[in-house]
Amino acid sequence: MIKRYLSSLALALGLAVAAAPALAAEDGEDLPPSGANVYDQASLQRGARLFFNYCVGCHSLKYVRYSRLAADLGLSEDEVMKNLNFTGAKFGETVVSHMPAEDAKGWFGKEPPDLTLEARAKGSDFIYNYLNSFYLDPSRPVGWNNTVFPNASMPNPLWELQGLQVAVHPEGKAGADAPVEKLELHTKGSMSPEEFQAATRDLTAFLEYTAEPAALERQSIGVWVLLFLAGLTFLLYLLKHEYWKDVHEHH
Amino acid sequence: MASTLSRLGNWFNERAPGFMPMYRKHMTEYYAPKNFNLWYYFGSLALLVLVNQIVTGIFLTMNYKTSAAEAFNSVEYIMRDVEWGWLIRYMHSTGASLFFVVVFLHMFRGIMYGSFKKPRELVWILGMLIFLVLMAEAFMGYVLPWGNMSFWGAKVIISLFGTIPFIGDTLVQWIMGDYLPADSTLNRFFALHVIALPLVLLLLVVLHLAALHEVGSNNPDGVDVKHGPKGNRWSPDKPKDAIPFHPYYTVKDSFGVGFFLMIAAFIIFFAPTFGGWFLEHDNFTPANNLVTPSHIKPSWYFTPFYAILRMIPSFFGTAIWGVIGMFGAILLLALLPWLDQGAVRSVRYRGMGYRIALGVLVVSFLALGLVGAGVTAELIPAWFPGADVTTVENAFGRLMVLGYFGFFVFVWIYTRFGFEKTKPVPERVTMHD
């Protein structure tokens, strides 16, 4: 009977483990995977540099403290205050953009959202693909559109790096409402397409980190917790086995 | 040392002579059938999760801010700035989902082995009350982080009361204390979630166990060990096929606890959102009454009941039928001891019709869960290209609603009018080794 229990328990755990990646795969909703790696500290550092050079002008990370960034990204206070903090905030304060909310509404039609939790709300794959899918569209108020998030109010902040993309419509169809077949690089940027993809992957990894800083530590702690529980469970099994010997003998 | 301990024991017994007999009644001299199987772990596991929810909940309240303006921020504060706050929150959120996993399996055990049947109807009714309070507790807890799904989930669920004729709209405003889920709603839900319902829950759990210990536990064979031969190693007049709860089942349940904690820890440390099932993507956006999430759906553990609500159409100009269906689905479970009149308890010795019906119940319950969670709506276009999603989903969902309610109708007819052909029930419990 005990063997039967153990095998069914093992089966249950096996199913749980097998189900986890399948469930996790639901996050992306058919978008190509970002390939972002939140455990790659160098990638997080490069992503942070991109964020503070190109994004923080409009977007806040209102739950992220500069001091926590330094600790988690392996940077010194000096490095963070000199290279990442352009808002004049103190080291222990959070990342708040200086863009006036009312003006932003006038300029873009809506206030640029806080991005701290964007990776948890929309998913890393969304961020990565969104950043790669801007194209010129003169019919839009700010002149940009996006295939991943059609009619987004946001212009491409990274156009100097990526270059300018234009939409290619299927033959015989044109105009603002025509479906987009693919995007084509019209004017080269300062980065090659591969370099740009790597850069947006870094930026995505950084936003994945800001969405859940605990992700950096929970897995390494989890390994030890599971090892402890496995040992404990084994001892409890032996204890149970010992206690139950007489029940099995006496029936 | 030993004499100090026994002196302390004597000191205590002189002052509280009723305590030792109570301990014996519920632990060392509570005789439980010795043939419990895997299904009998879930009762003690439910108790473990309840304790986890209370302890982690207490620590969460230390930093949670009960206001519509601050609630969302305070949860992120817990996730980032509070020492080990992320762990406490994940233990609470994972615990909530695992509570329902464990309770669903516990209830299924009761149905499978006929544990609800005479003389355990009271145990079953108290268990159903626990289930109802647990659902209210989980719903209100889900509102507290004040994410966008908290807000819209609250709005949809509270609106259900609006379908009640005449008083509906007033009732909805009375529940919310506003015209929309708002600060007042959040505050009263906090009060109910943190103190009122947990107190009710604890009281009901004590009564559930007290009622169980009056009549004794059922077992996988559905045999009454009290009516079998007497005399075991501990007592000449106690059932021969029973063993003391402590230490035998305490040590066995401890092993179950260890195993369960491994699964829980795996989720907490490696997949805390469980792919958007335990913590939903849309709830990482603050509540916003102007932006509706693309798919409003309740937490996974409500989805079967939510699907029943959605699948039952409105007619006679009111949508109340779905609401009645949803609550009826729970009420019918509570009435099971009177609907199922079969003399044999355990599925091991029941008629083929009952076994098939039980399978139908499980399949329709799980399928309704998928419908309620919007999984079928996503799968239908892939499986039936070109078909109208709503038509296919409604046809499938309504079939599953029929399956769920059909179980109760079938079991009543099957057992009331003597259609069931049972197998012979053994005199004593069987041990399979």
# chains A, B, ... in the order shown; residues from 1 in each chain; ligands from 1
$ residues_around --residues "B:Ser150" --least-positions-apart "3" --cutoff "10 Å" --atoms "only C-alpha atoms" --output "mmCIF file with C-alpha atoms, in the first residue's frame"
data_model
loop_
_atom_site.group_PDB
_atom_site.id
_atom_site.type_symbol
_atom_site.label_atom_id
_atom_site.label_comp_id
_atom_site.auth_asym_id
_atom_site.auth_seq_id
_atom_site.Cartn_x
_atom_site.Cartn_y
_atom_site.Cartn_z
ATOM 1 C CA PHE B 139 -13.716 36.610 -2.663
ATOM 2 C CA MET B 140 -13.223 39.454 -0.198
ATOM 3 C CA GLY B 141 -9.524 38.711 0.161
ATOM 4 C CA TYR B 142 -9.159 38.885 -3.599
ATOM 5 C CA VAL B 143 -10.582 42.431 -3.581
ATOM 6 C CA LEU B 144 -8.055 43.744 -1.035
ATOM 7 C CA PRO B 145 -4.967 44.232 -3.318
ATOM 8 C CA TRP B 146 -7.209 46.645 -5.270
ATOM 9 C CA GLY B 147 -5.839 45.649 -8.651
ATOM 10 C CA GLY B 153 -14.329 40.994 -10.128
ATOM 11 C CA ALA B 154 -15.959 42.702 -7.151
ATOM 12 C CA LYS B 155 -18.217 44.702 -9.445
ATOM 13 C CA PRO B 181 -16.756 49.263 -5.609
ATOM 14 C CA GLU B 280 -3.599 37.225 -12.487
ATOM 15 C CA ASP B 282 -4.602 42.125 -14.858
ATOM 16 C CA ASN B 283 -4.309 42.404 -11.103
ATOM 17 C CA PHE B 284 -0.820 43.921 -11.430
ATOM 18 C CA THR B 285 -2.547 47.055 -12.757
ATOM 19 C CA PRO B 286 -4.205 49.316 -10.173
ATOM 20 C CA ALA B 287 -8.009 49.393 -9.976
ATOM 21 C CA ASN B 288 -9.450 51.660 -12.660
ATOM 22 C CA ILE B 296 -13.116 39.584 -16.605
ATOM 23 C CA PRO B 298 -13.041 35.206 -11.221
ATOM 24 C CA SER B 299 -10.212 33.290 -9.542
#
$ interface_residues --of "chain B" --to "chain A" --cutoff "6 Å" --atoms "only C-alpha atoms" --output "VMD selection string"
chain B and resid 251 to 252 255 258 269 to 270 275 281 to 282 284 433
$ closest_residue --among "B:Ile167, B:Ala68, B:Val101, B:Val205" --to "B:Leu47" --atoms "only C-alpha atoms"
B:Val205
$ select_by_dssp --residues "stretch 11-146 of chain A" --states "strand (DSSP E)" --output "JSON, numbers by chain"
{"A": [61, 62, 63, 64, 65, 94, 95, 134, 135, 136, 144, 145, 146]}
$ write_last_selection --atoms "N, CA and C atoms" --output "PDB file, in the first residue's frame"
ATOM      1  N   LEU A  61       9.250  54.622 -12.492  1.00  0.00           N
ATOM      2  CA  LEU A  61       9.271  53.299 -11.854  1.00  0.00           C
ATOM      3  C   LEU A  61       9.020  53.592 -10.381  1.00  0.00           C
ATOM      4  N   LYS A  62       7.794  53.945 -10.049  1.00  0.00           N
ATOM      5  CA  LYS A  62       7.549  54.584  -8.754  1.00  0.00           C
ATOM      6  C   LYS A  62       7.714  53.657  -7.559  1.00  0.00           C
ATOM      7  N   TYR A  63       7.849  52.334  -7.799  1.00  0.00           N
ATOM      8  CA  TYR A  63       8.077  51.424  -6.677  1.00  0.00           C
ATOM      9  C   TYR A  63       9.551  51.028  -6.558  1.00  0.00           C
ATOM     10  N   VAL A  64      10.401  51.557  -7.460  1.00  0.00           N
ATOM     11  CA  VAL A  64      11.809  51.139  -7.475  1.00  0.00           C
ATOM     12  C   VAL A  64      12.677  52.221  -6.835  1.00  0.00           C
ATOM     13  N   ARG A  65      13.442  51.850  -5.815  1.00  0.00           N
ATOM     14  CA  ARG A  65      14.361  52.793  -5.169  1.00  0.00           C
ATOM     15  C   ARG A  65      15.730  52.703  -5.838  1.00  0.00           C
ATOM     16  N   THR A  94      12.471  56.868  -4.853  1.00  0.00           N
ATOM     17  CA  THR A  94      12.060  56.034  -5.983  1.00  0.00           C
ATOM     18  C   THR A  94      12.203  56.805  -7.302  1.00  0.00           C
ATOM     19  N   VAL A  95      12.117  56.041  -8.396  1.00  0.00           N
ATOM     20  CA  VAL A  95      12.347  56.597  -9.726  1.00  0.00           C
ATOM     21  C   VAL A  95      11.058  57.243 -10.236  1.00  0.00           C
ATOM     22  N   PHE A 134       7.634  49.193 -33.763  1.00  0.00           N
ATOM     23  CA  PHE A 134       7.210  50.540 -34.143  1.00  0.00           C
ATOM     24  C   PHE A 134       7.441  50.758 -35.634  1.00  0.00           C
ATOM     25  N   TYR A 135       6.527  51.500 -36.284  1.00  0.00           N
ATOM     26  CA  TYR A 135       6.759  51.896 -37.682  1.00  0.00           C
ATOM     27  C   TYR A 135       6.176  53.282 -37.924  1.00  0.00           C
ATOM     28  N   LEU A 136       6.695  53.927 -38.944  1.00  0.00           N
ATOM     29  CA  LEU A 136       6.215  55.270 -39.284  1.00  0.00           C
ATOM     30  C   LEU A 136       4.797  55.182 -39.835  1.00  0.00           C
ATOM     31  N   TRP A 144       3.687  57.742 -35.357  1.00  0.00           N
ATOM     32  CA  TRP A 144       4.153  56.376 -35.154  1.00  0.00           C
ATOM     33  C   TRP A 144       2.977  55.455 -34.923  1.00  0.00           C
ATOM     34  N   ASN A 145       3.176  54.203 -35.297  1.00  0.00           N
ATOM     35  CA  ASN A 145       2.187  53.179 -34.957  1.00  0.00           C
ATOM     36  C   ASN A 145       2.952  51.925 -34.545  1.00  0.00           C
ATOM     37  N   ASN A 146       2.219  50.917 -34.095  1.00  0.00           N
ATOM     38  CA  ASN A 146       2.875  49.713 -33.591  1.00  0.00           C
ATOM     39  C   ASN A 146       2.031  48.497 -33.926  1.00  0.00           C
TER      40      ASN A 146
END
$ select_by_dssp --residues "stretch 18-165 of chain A" --states "helix (DSSP H, G or I)" --output "ChimeraX atom specification"
/A:18-28,41-55,66-73,77-83,101-108,118-121,124-131,159-162
$ write_last_selection --atoms "C-alpha atoms" --output "tab-separated table (two decimals), in the first residue's frame"
chain	number	residue	atom	x	y	z
A	18	ALA	CA	5.29	19.15	-15.96
A	19	ALA	CA	2.28	21.49	-15.84
A	20	ALA	CA	4.24	24.50	-14.60
A	21	PRO	CA	6.10	25.33	-17.85
A	22	ALA	CA	2.94	24.64	-19.86
A	23	LEU	CA	1.04	27.11	-17.71
A	24	ALA	CA	3.90	29.59	-17.76
A	25	ALA	CA	3.86	29.39	-21.55
A	26	GLU	CA	0.40	30.97	-21.48
A	27	ASP	CA	1.97	34.30	-20.56
A	28	GLY	CA	3.18	35.16	-24.05
A	41	GLN	CA	23.26	40.87	-14.13
A	42	ALA	CA	25.23	42.41	-17.00
A	43	SER	CA	22.08	42.35	-19.12
A	44	LEU	CA	20.13	44.06	-16.30
A	45	GLN	CA	22.82	46.75	-16.07
A	46	ARG	CA	22.69	47.42	-19.82
A	47	GLY	CA	18.89	47.43	-19.67
A	48	ALA	CA	18.95	49.92	-16.79
A	49	ARG	CA	21.27	52.22	-18.77
A	50	LEU	CA	18.85	52.13	-21.71
A	51	PHE	CA	15.88	52.78	-19.44
A	52	PHE	CA	17.47	55.79	-17.75
A	53	ASN	CA	18.67	57.22	-21.08
A	54	TYR	CA	15.55	56.72	-23.17
A	55	CYS	CA	12.49	55.95	-21.02
A	66	TYR	CA	17.75	53.86	-6.54
A	67	SER	CA	19.38	52.23	-3.50
A	68	ARG	CA	17.68	48.91	-4.24
A	69	LEU	CA	18.78	49.15	-7.87
A	70	ALA	CA	22.38	49.56	-6.74
A	71	ALA	CA	22.18	46.54	-4.45
A	72	ASP	CA	20.39	44.25	-6.91
A	73	LEU	CA	22.35	45.23	-10.03
A	77	GLU	CA	26.00	54.34	-4.94
A	78	ASP	CA	28.28	56.59	-6.99
A	79	GLU	CA	27.64	54.69	-10.21
A	80	VAL	CA	23.87	54.82	-9.74
A	81	MET	CA	23.76	58.50	-8.74
A	82	LYS	CA	26.08	59.57	-11.60
A	83	ASN	CA	24.98	57.31	-14.44
A	101	ALA	CA	1.15	64.70	-16.16
A	102	GLU	CA	-1.14	67.37	-17.58
A	103	ASP	CA	1.30	68.30	-20.37
A	104	ALA	CA	1.78	64.63	-21.20
A	105	LYS	CA	-1.95	64.22	-21.71
A	106	GLY	CA	-1.87	67.16	-24.11
A	107	TRP	CA	1.13	65.83	-26.00
A	108	PHE	CA	0.28	62.12	-26.27
A	118	GLU	CA	4.49	46.31	-16.83
A	119	ALA	CA	6.25	42.96	-17.21
A	120	ARG	CA	3.84	41.31	-14.76
A	121	ALA	CA	0.75	43.01	-16.21
A	124	SER	CA	8.02	40.17	-21.00
A	125	ASP	CA	7.27	38.93	-24.51
A	126	PHE	CA	4.84	41.79	-25.01
A	127	ILE	CA	7.42	44.39	-23.97
A	128	TYR	CA	10.15	42.96	-26.19
A	129	ASN	CA	7.96	42.62	-29.27
A	130	TYR	CA	6.31	45.98	-28.68
A	131	LEU	CA	9.71	47.70	-28.61
A	159	TRP	CA	14.43	55.22	-33.25
A	160	GLU	CA	17.99	56.57	-33.24
A	161	LEU	CA	19.20	53.09	-32.30
A	162	GLN	CA	16.83	51.02	-34.40
$ atom_distance --atom1 "atom CA of B:Val360" --atom2 "atom CA of B:Met311"
17.8 Å
$ residues_around --residues "A:Arg140" --least-positions-apart "5" --cutoff "10 Å" --atoms "only C-alpha atoms" --output "MDAnalysis selection string"
chainID A and resid 145 151:153 155 176
$ atom_distance --atom1 "atom CA of B:Ile268" --atom2 "atom CA of B:Thr66"
25.0 Å
$ residues_around --residues "B:Glu427" --least-positions-apart "6" --cutoff "9 Å" --atoms "only C-alpha atoms" --output "ChimeraX atom specification"
/B:223-224,228
$ residues_around --residues "B:Phe302" --least-positions-apart "4" --cutoff "9 Å" --atoms "only C-alpha atoms" --output "number ranges by chain"
B: 135, 139, 297-298, 306-307, 369, 372-373
$ residues_around --residues "A:Lys182" --least-positions-apart "3" --cutoff "8 Å" --atoms "only C-alpha atoms" --output "list in words"
Ala167, Val168 and His169 of chain A
$ residues_around --residues "B:Met326" --least-positions-apart "5" --cutoff "6 Å" --atoms "only C-alpha atoms" --output "list in words"
Phe305, Ile308 and Leu309 of chain B
